[in-house]
Amino acid sequence: MSEVRPATRLRALSALAVIALALFATTALWEAALAADATPSPETTGCAKAAETKGAIAGTPVAGATCVEIGMHDIFWDANLVTIPANTDVTLVIRSDAAATHSFDISDHNNTDVENLSVDLDVDPGKQGTVTINAPAGTYYFYCDVPGHEQAGMWGILKVEDGATISLKTLTTRRAPDRLQPPQRIRRGRKFPPPSV
Ligand SMILES: [Cu+2]
């Protein structure tokens with residue numbers, strides 16, 4: 001059995017420390033480069049997202065989030081029941097994973113008993129749009145105003161509740177997001193504001 005002399009062990013430990021530091025620095029640089037590459041705007045930091053995007057669990061409130069990311073696809077939203085707190089600045093990030101241009105609208109359309117938030121955001125393929133809203137409590141209807149898209153199922157519900165933490169839900173449990181059906185067909189018997197066709 002050979003014994004490692006203390007001096008040798010010290011040199012080995014120093015070498016290890018240098019390697020670890022170098023690795024750490026490289027990783028940090030790499031992560032910084034990746035972050036720069038992904039060009040996240042400040043608004044997307046800590047954003048609540050649907051499960052299909054980056055790890056957040058749909059339907060689970062995200063403590064402390066003041067931002068919610070809704071994925072826009074051809075032709076559906078990755079979350080179509082979104083809850084946010086009332087009378088609080090909340091940034092909506094509308095991220096396009098679509099091949100076509102879509103819009104995110106919260107207007108007076110199907111919103112007769114709530115304030116008109118006057119949101120009309122056109123988002124080109126692969127881009128994202130952001131809007132910060134501060135809405136009184138209520139149930140708001142959102143949709144895409146490209147002709148035919150709303151009728152195809154591109155609409156959802158924004159629930160604004162006092163003291164709510166942000167959560168997202170996809171109103172389906174049995175279908176993959178690319179086969180999302182309009183919520184009224186899935187939640188039988190539940191009354192959501194029907195799209196006016
Ligand atoms: Cu659309």
# chains A, B, ... in the order shown; residues from 1 in each chain; ligands from 1
$ residues_around --residues "Val119 in chain A" --least-positions-apart "4" --cutoff "9 Å" --atoms "only C-alpha atoms" --output "ChimeraX atom specification"
/A:104-107,131,133
$ residues_around --residues "Asn111 in chain A" --least-positions-apart "4" --cutoff "9 Å" --atoms "only C-alpha atoms" --output "list in words"
Ile106, Ser107, Glu115, Asn116, Thr139, Tyr140, Tyr141, Phe142 and Pro193 of chain A
$ write_last_selection --atoms "C-alpha atoms" --output "CSV table (one decimal), in the first residue's frame"
chain,number,residue,atom,x,y,z
A,106,ILE,CA,-58.8,41.3,-25.4
A,107,SER,CA,-61.3,43.8,-26.6
A,115,GLU,CA,-63.6,46.8,-18.9
A,116,ASN,CA,-62.3,46.9,-22.4
A,139,THR,CA,-63.7,37.0,-16.6
A,140,TYR,CA,-62.2,38.2,-19.9
A,141,TYR,CA,-62.3,36.6,-23.3
A,142,PHE,CA,-59.3,36.6,-25.5
A,193,PRO,CA,-68.7,32.9,-23.3
$ residues_near_ligand --ligand "ligand 1" --cutoff "9 Å" --atoms "only C-alpha atoms and all ligand atoms" --output "list in words"
Met72, His73, Asp74, Ile75, Phe76, Ala98, Ala100, Thr101, His102, Ser103, Phe104, Tyr143, Cys144, Asp145, Val146, Pro147, Gly148, His149, Glu150, Ala152 and Met154 of chain A
$ write_last_selection --atoms "C-alpha atoms" --output "PDB file, in the first residue's frame"
ATOM      1  CA  MET A  72     -49.432  30.900 -29.864  1.00  0.00           C
ATOM      2  CA  HIS A  73     -49.638  28.056 -32.363  1.00  0.00           C
ATOM      3  CA  ASP A  74     -51.424  27.140 -35.620  1.00  0.00           C
ATOM      4  CA  ILE A  75     -54.257  27.262 -34.530  1.00  0.00           C
ATOM      5  CA  PHE A  76     -54.487  27.183 -30.745  1.00  0.00           C
ATOM      6  CA  ALA A  98     -46.630  29.359 -35.249  1.00  0.00           C
ATOM      7  CA  ALA A 100     -48.585  32.076 -39.541  1.00  0.00           C
ATOM      8  CA  THR A 101     -49.197  35.506 -38.055  1.00  0.00           C
ATOM      9  CA  HIS A 102     -51.774  35.487 -35.293  1.00  0.00           C
ATOM     10  CA  SER A 103     -53.096  38.068 -32.919  1.00  0.00           C
ATOM     11  CA  PHE A 104     -53.865  38.207 -29.231  1.00  0.00           C
ATOM     12  CA  TYR A 143     -58.989  35.424 -29.083  1.00  0.00           C
ATOM     13  CA  CYS A 144     -57.139  35.711 -32.353  1.00  0.00           C
ATOM     14  CA  ASP A 145     -58.776  38.145 -34.751  1.00  0.00           C
ATOM     15  CA  VAL A 146     -57.456  36.553 -37.937  1.00  0.00           C
ATOM     16  CA  PRO A 147     -60.609  35.525 -39.823  1.00  0.00           C
ATOM     17  CA  GLY A 148     -61.618  31.968 -39.003  1.00  0.00           C
ATOM     18  CA  HIS A 149     -59.078  31.397 -36.245  1.00  0.00           C
ATOM     19  CA  GLU A 150     -61.362  32.123 -33.336  1.00  0.00           C
ATOM     20  CA  ALA A 152     -61.282  27.152 -35.183  1.00  0.00           C
ATOM     21  CA  MET A 154     -58.157  30.114 -31.036  1.00  0.00           C
TER      22      MET A 154
END
$ atom_distance --atom1 "CA of Leu158 in chain A" --atom2 "CA of Gly126 in chain A"
23.2 Å
$ closest_residue --among "A:Trp155, A:Lys49, A:Pro125, A:Gly138" --to "His109 in chain A" --atoms "only C-alpha atoms"
A:Trp155
$ residues_around --residues "Cys67 in chain A" --least-positions-apart "3" --cutoff "6 Å" --atoms "only C-alpha atoms" --output "list of chain:residue names"
A:Cys47, A:Val90, A:Thr91, A:Leu92
$ residues_around --residues "Gly163 in chain A" --least-positions-apart "6" --cutoff "10 Å" --atoms "only C-alpha atoms" --output "list in words"
Ile84, Pro85, Ala86, Asn87, Thr88 and Ala137 of chain A
$ write_last_selection --atoms "N, CA and C atoms" --output "mmCIF file, in the first residue's frame"
data_model
loop_
_atom_site.group_PDB
_atom_site.id
_atom_site.type_symbol
_atom_site.label_atom_id
_atom_site.label_comp_id
_atom_site.auth_asym_id
_atom_site.auth_seq_id
_atom_site.Cartn_x
_atom_site.Cartn_y
_atom_site.Cartn_z
ATOM 1 N N ILE A 84 -54.880 35.469 -13.443
ATOM 2 C CA ILE A 84 -53.926 36.486 -12.979
ATOM 3 C C ILE A 84 -54.575 37.302 -11.855
ATOM 4 N N PRO A 85 -53.750 37.996 -11.062
ATOM 5 C CA PRO A 85 -54.323 38.815 -9.991
ATOM 6 C C PRO A 85 -54.946 40.108 -10.518
ATOM 7 N N ALA A 86 -55.976 40.551 -9.818
ATOM 8 C CA ALA A 86 -56.663 41.791 -10.196
ATOM 9 C C ALA A 86 -55.872 43.010 -9.717
ATOM 10 N N ASN A 87 -56.054 44.110 -10.425
ATOM 11 C CA ASN A 87 -55.476 45.407 -10.043
ATOM 12 C C ASN A 87 -53.982 45.335 -9.779
ATOM 13 N N THR A 88 -53.303 44.548 -10.589
ATOM 14 C CA THR A 88 -51.866 44.328 -10.458
ATOM 15 C C THR A 88 -51.269 44.348 -11.859
ATOM 16 N N ALA A 137 -61.055 42.872 -11.412
ATOM 17 C CA ALA A 137 -61.505 41.480 -11.377
ATOM 18 C C ALA A 137 -62.610 41.247 -12.401
#
$ closest_residue --among "A:Leu121, A:Asp108, A:Thr83, A:Val93" --to "Glu161 in chain A" --atoms "only C-alpha atoms"
A:Thr83
$ closest_residue --among "A:Ala50, A:Ala65, A:Ile157, A:Ile70" --to "Thr130 in chain A" --atoms "only C-alpha atoms"
A:Ile70
$ atom_distance --atom1 "CA of Val68 in chain A" --atom2 "CA of Thr112 in chain A"
24.2 Å
$ residues_around --residues "Arg95 in chain A" --least-positions-apart "5" --cutoff "7 Å" --atoms "only C-alpha atoms" --output "VMD selection string"
chain A and resid 69 to 72 127 to 129
